[in-house]
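Structure below is upload.cif: mmCIF, C-alpha atoms and all ligand atoms.
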```
data_target
#
loop_
_atom_site.label_atom_id
_atom_site.label_comp_id
_atom_site.auth_asym_id
_atom_site.auth_seq_id
_atom_site.Cartn_x
_atom_site.Cartn_y
_atom_site.Cartn_z
CA MET S 16 394.62 -61.91 18.61
CA GLY S 17 391.91 -59.50 17.63
CA ALA S 18 392.92 -57.05 20.38
CA ASN S 19 391.31 -53.69 19.91
CA PHE S 20 392.10 -50.06 20.67
CA THR S 21 389.74 -47.15 20.00
CA LEU S 22 390.24 -43.42 20.26
CA ASP S 23 388.73 -40.10 19.18
CA LEU S 24 390.63 -37.63 17.00
CA ALA S 25 389.08 -34.17 17.38
CA ASN S 26 390.61 -32.51 14.30
CA GLU S 27 393.11 -32.90 11.47
CA ALA S 28 396.07 -32.04 13.73
CA GLU S 29 395.19 -34.96 16.01
CA THR S 30 395.01 -37.32 13.03
CA LEU S 31 398.48 -36.18 11.93
CA GLU S 32 399.77 -36.64 15.49
CA PHE S 33 398.34 -40.13 15.70
CA GLY S 34 400.01 -40.87 12.34
CA ALA S 35 403.31 -39.84 13.97
CA ALA S 36 402.67 -42.32 16.80
CA LEU S 37 402.18 -45.03 14.15
CA ALA S 38 405.51 -44.05 12.55
CA LYS S 39 407.53 -44.49 15.74
CA ALA S 40 406.53 -48.12 16.13
CA LEU S 41 406.64 -49.06 12.44
CA GLN S 42 408.45 -52.29 11.47
CA PRO S 43 409.31 -53.57 7.98
CA GLY S 44 406.98 -56.35 6.88
CA LEU S 45 403.79 -54.86 8.34
CA ILE S 46 400.61 -54.81 6.27
CA ILE S 47 398.14 -52.16 7.41
CA TYR S 48 394.59 -51.79 6.07
CA LEU S 49 392.84 -48.42 6.36
CA HIS S 50 389.01 -48.47 6.28
CA GLY S 51 386.53 -45.60 6.24
CA ASN S 52 384.39 -43.52 3.90
CA LEU S 53 385.60 -40.93 1.42
CA GLY S 54 387.17 -38.06 3.37
CA ALA S 55 387.36 -40.04 6.61
CA GLY S 56 391.03 -39.22 7.20
CA LYS S 57 392.99 -42.21 5.84
CA THR S 58 395.40 -40.21 3.68
CA THR S 59 395.78 -37.61 6.44
CA LEU S 60 396.94 -40.39 8.78
CA VAL S 61 399.46 -41.66 6.20
CA ARG S 62 400.72 -38.09 5.73
CA GLY S 63 401.34 -37.75 9.48
CA LEU S 64 403.05 -41.15 9.52
CA LEU S 65 405.37 -40.48 6.55
CA HIS S 66 406.36 -36.99 7.68
CA ALA S 67 407.20 -38.27 11.16
CA ALA S 68 409.20 -41.10 9.58
CA GLY S 69 411.35 -38.50 7.82
CA HIS S 70 409.73 -37.97 4.41
CA GLY S 71 410.11 -34.28 3.62
CA GLY S 72 408.00 -34.00 0.47
CA LYS S 73 404.32 -34.14 -0.31
CA VAL S 74 402.06 -37.09 0.42
CA LYS S 75 399.29 -37.27 -2.14
CA SER S 76 396.71 -39.96 -2.55
CA PRO S 77 397.75 -42.31 -5.41
CA THR S 78 394.24 -42.27 -6.79
CA TYR S 79 395.18 -43.07 -10.40
CA THR S 80 398.55 -44.81 -10.00
CA LEU S 81 397.08 -46.98 -7.16
CA VAL S 82 400.40 -47.01 -5.27
CA GLU S 83 403.05 -44.47 -4.25
CA PRO S 84 406.45 -45.72 -3.05
CA TYR S 85 408.49 -43.99 -0.31
CA THR S 86 411.79 -44.84 1.30
CA VAL S 87 412.02 -43.87 4.96
CA ALA S 88 414.23 -45.09 7.80
CA GLY S 89 416.01 -47.50 5.43
CA TYR S 90 412.97 -49.41 4.23
CA ASN S 91 410.16 -49.03 1.72
CA VAL S 92 406.69 -47.80 2.54
CA TYR S 93 404.10 -48.44 -0.17
CA HIS S 94 400.96 -46.36 0.12
CA PHE S 95 398.09 -47.90 -1.84
CA ASP S 96 394.75 -46.29 -2.69
CA LEU S 97 392.67 -49.02 -4.33
CA TYR S 98 389.45 -47.03 -4.69
CA ARG S 99 389.72 -47.31 -8.48
CA PHE S 100 391.01 -50.89 -8.54
CA THR S 101 388.57 -53.06 -10.50
CA ASP S 102 390.42 -55.88 -12.25
CA ASP S 103 392.02 -58.66 -10.17
CA GLU S 104 394.27 -59.58 -13.11
CA GLU S 105 395.81 -56.13 -12.93
CA TRP S 106 397.25 -57.08 -9.53
CA GLU S 107 399.70 -59.60 -10.99
CA ALA S 108 400.28 -57.61 -14.18
CA ALA S 109 401.25 -54.49 -12.24
CA GLY S 110 403.62 -56.52 -10.03
CA PHE S 111 401.82 -55.46 -6.84
CA ARG S 112 402.43 -58.83 -5.21
CA ASP S 113 406.16 -58.06 -5.06
CA TYR S 114 405.51 -54.98 -2.91
CA PHE S 115 404.52 -57.29 -0.05
CA ASN S 116 407.83 -58.48 1.37
CA PRO S 117 409.71 -58.48 4.71
CA GLN S 118 411.65 -55.30 3.81
CA SER S 119 408.55 -53.22 3.12
CA VAL S 120 405.56 -51.73 4.86
CA CYS S 121 402.30 -51.69 2.89
CA ILE S 122 399.53 -49.29 3.92
CA ILE S 123 396.32 -49.77 1.98
CA GLU S 124 393.32 -47.47 1.56
CA TRP S 125 390.18 -49.16 0.20
CA PRO S 126 391.39 -52.79 0.69
CA GLU S 127 387.74 -53.83 0.15
CA LYS S 128 388.25 -53.18 -3.57
CA ALA S 129 390.92 -55.89 -3.89
CA GLU S 130 389.99 -58.40 -1.22
CA ASN S 131 390.50 -61.38 -3.58
CA VAL S 132 394.13 -60.57 -4.25
CA LEU S 133 395.40 -58.73 -1.17
CA PRO S 134 397.40 -60.54 1.54
CA VAL S 135 395.71 -60.47 4.98
CA PRO S 136 396.63 -57.49 7.20
CA ASP S 137 398.62 -57.44 10.44
CA ILE S 138 396.41 -54.60 11.59
CA ASP S 139 393.12 -52.96 10.56
CA ILE S 140 392.53 -49.26 11.20
CA SER S 141 388.92 -48.07 10.76
CA PHE S 142 387.77 -44.46 10.66
CA THR S 143 384.24 -43.37 11.50
CA ILE S 144 383.18 -39.81 10.75
CA GLN S 145 381.59 -38.19 13.82
CA ALA S 146 379.50 -35.02 14.05
CA SER S 147 382.81 -33.37 14.85
CA GLY S 148 386.08 -35.23 14.42
CA ARG S 149 386.71 -38.91 13.82
CA ASN S 150 386.63 -42.14 15.79
CA VAL S 151 389.44 -44.57 15.00
CA SER S 152 389.56 -48.25 15.87
CA LEU S 153 392.64 -50.49 15.55
CA THR S 154 392.50 -54.28 15.50
CA ALA S 155 395.53 -56.61 15.41
CA HIS S 156 395.40 -59.89 13.48
CA SER S 157 398.89 -61.34 13.90
CA VAL S 158 401.72 -61.50 16.43
CA PRO S 159 403.65 -58.64 14.73
CA GLY S 160 400.38 -56.69 14.49
CA GLN S 161 399.73 -57.17 18.20
CA ARG S 162 403.28 -56.10 19.06
CA TYR S 163 402.84 -53.04 16.85
CA LEU S 164 399.51 -52.16 18.48
CA ASP S 165 401.01 -52.49 22.00
CA THR S 166 403.86 -50.12 21.06
CA ILE S 167 401.49 -47.60 19.47
CA ILE S 168 399.35 -47.51 22.62
CA LYS S 169 402.41 -47.08 24.84
CA ASN S 170 403.87 -44.26 22.67
CA TYR S 171 400.54 -42.52 22.30
CA ASP S 172 399.82 -42.62 26.05
CA LYS S 173 403.21 -41.08 26.67
CA SER S 174 402.65 -38.28 24.15
CA LEU S 175 399.21 -37.60 25.67
CA SER S 176 400.52 -37.41 29.23
CA LYS S 177 403.37 -35.19 28.00
CA SER S 178 401.00 -32.73 26.35
CA LYS S 179 398.81 -32.81 29.47
CA SER S 180 401.74 -31.89 31.68
CA TYR S 181 402.21 -28.73 29.61
CA GLU S 182 398.67 -27.55 30.27
N1 LIG G 201 390.17 -36.01 13.17
C1 LIG G 201 389.64 -35.24 12.21
N2 LIG G 201 388.57 -34.46 12.45
C2 LIG G 201 388.01 -33.70 11.49
N3 LIG G 201 388.50 -33.62 10.22
C3 LIG G 201 389.56 -34.37 9.92
C4 LIG G 201 390.19 -35.21 10.88
N4 LIG G 201 391.23 -35.85 10.28
C5 LIG G 201 391.25 -35.44 9.01
N5 LIG G 201 390.25 -34.54 8.77
C6 LIG G 201 389.87 -33.89 7.51
O1 LIG G 201 389.08 -34.80 6.78
C7 LIG G 201 389.52 -34.87 5.45
C8 LIG G 201 390.10 -36.23 5.24
O2 LIG G 201 390.62 -36.35 3.98
P1 LIG G 201 391.52 -37.58 3.59
O3 LIG G 201 391.98 -37.32 2.20
O4 LIG G 201 392.54 -37.85 4.63
O5 LIG G 201 390.43 -38.74 3.61
P2 LIG G 201 390.52 -40.22 3.02
O6 LIG G 201 389.93 -41.10 4.07
O7 LIG G 201 391.90 -40.52 2.58
O8 LIG G 201 389.52 -40.16 1.80
P3 LIG G 201 389.54 -40.99 0.40
O9 LIG G 201 388.80 -42.27 0.65
O10 LIG G 201 388.79 -40.09 -0.51
O11 LIG G 201 390.95 -41.21 -0.01
C9 LIG G 201 390.53 -33.74 5.26
O12 LIG G 201 389.84 -32.59 4.84
C10 LIG G 201 391.08 -33.54 6.67
O13 LIG G 201 391.47 -32.21 6.93
MG MG G 202 392.68 -41.11 0.76
#
```

Conversion result in structure tokens:
Amino acid sequence: MGANFTLDLANEAETLEFGAALAKALQPGLIIYLHGNLGAGKTTLVRGLLHAAGHGGKVKSPTYTLVEPYTVAGYNVYHFDLYRFTDDEEWEAAGFRDYFNPQSVCIIEWPEKAENVLPVPDIDISFTIQASGRNVSLTAHSVPGQRYLDTIIKNYDKSLSKSKSYE
């Protein structure tokens, strides 16, 4: 466990494309943490993921509601933004615990704000802002997380070699 994969994303289009690679391998039950500063690209990645998974509408950050539910490919995807989460008791009161179940994917921006109440992740994705573009690092923490990471790497390699062959 703890296997790691790092890559550079040169611009927003590459973040969206990497989100699409995450969508292809997605499995119900996964818990994904997204780390990185304000404006690092977390919501952009989720947008790429949800659009590739078949969601046709907008993907906005649930800054005030804390979570936005989607249904794609026959299961639920819950997109959390916990930047404004302050009160651990709100977790139970809002019923957030029930969102974490084998039929649902949970993707969480700002997990640091709710570390006392959040379940542990299958995979961590960390963004670092570079002079130009972003660096992204993925770390698996469970058997399903490792399987997911392996599939992402395989799919992403394929899409890279495909785009190269068009050059
Ligand atoms: N690889 C990239 N290189 C350069 N700019 C990028 C890249 N990916 C996304 N961006 C841009 O960076 C910004 C990221 O905004 P986004 O809302 O996704 O950040 P966030 O991490 O969700 O921030 P917050 O913590 O405020 O929710 C957008 O303006 C987007 O166009
Ligand atoms: Mg965001």

Selected residue of minimal separation from Ile123 of chain S among S:Ile46, S:Ala28, S:Leu37, S:Leu65, counting all atoms listed in the file: S:Ile46

Spatial neighbours of Thr21 of chain S, max dist 7 Å, only C-alpha atoms, sep filter under 5 positions, as a list in words: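 Skipping anything fewer than 5 positions along the chain leaves Val151, Ser152 and Leu153 of chain S.
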
Neighbour list for Val158 of chain S as an MDAnalysis selection string, cut-off 10 Å, all atoms listed in the file, skip fewer than 5 positions in-chain: chainID S and resid 16 137:138 163:164

Protein and nucleic acid residues within 7 Å of ligand LIG 201 (chain G) (only C-alpha atoms and all ligand atoms) as a ChimeraX atom specification: /S:24-27,29-30,51-60,76,96,124,147-149

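Among the candidates S:Gly160, S:Gly110, S:Pro43, S:Pro134, the residue lying nearest to Ala88 of chain S is S:Pro43 (atoms considered: all atoms listed in the file).
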
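Going from atom CA of Val74 of chain S to atom CA of Val61 of chain S covers 7.8 Å.
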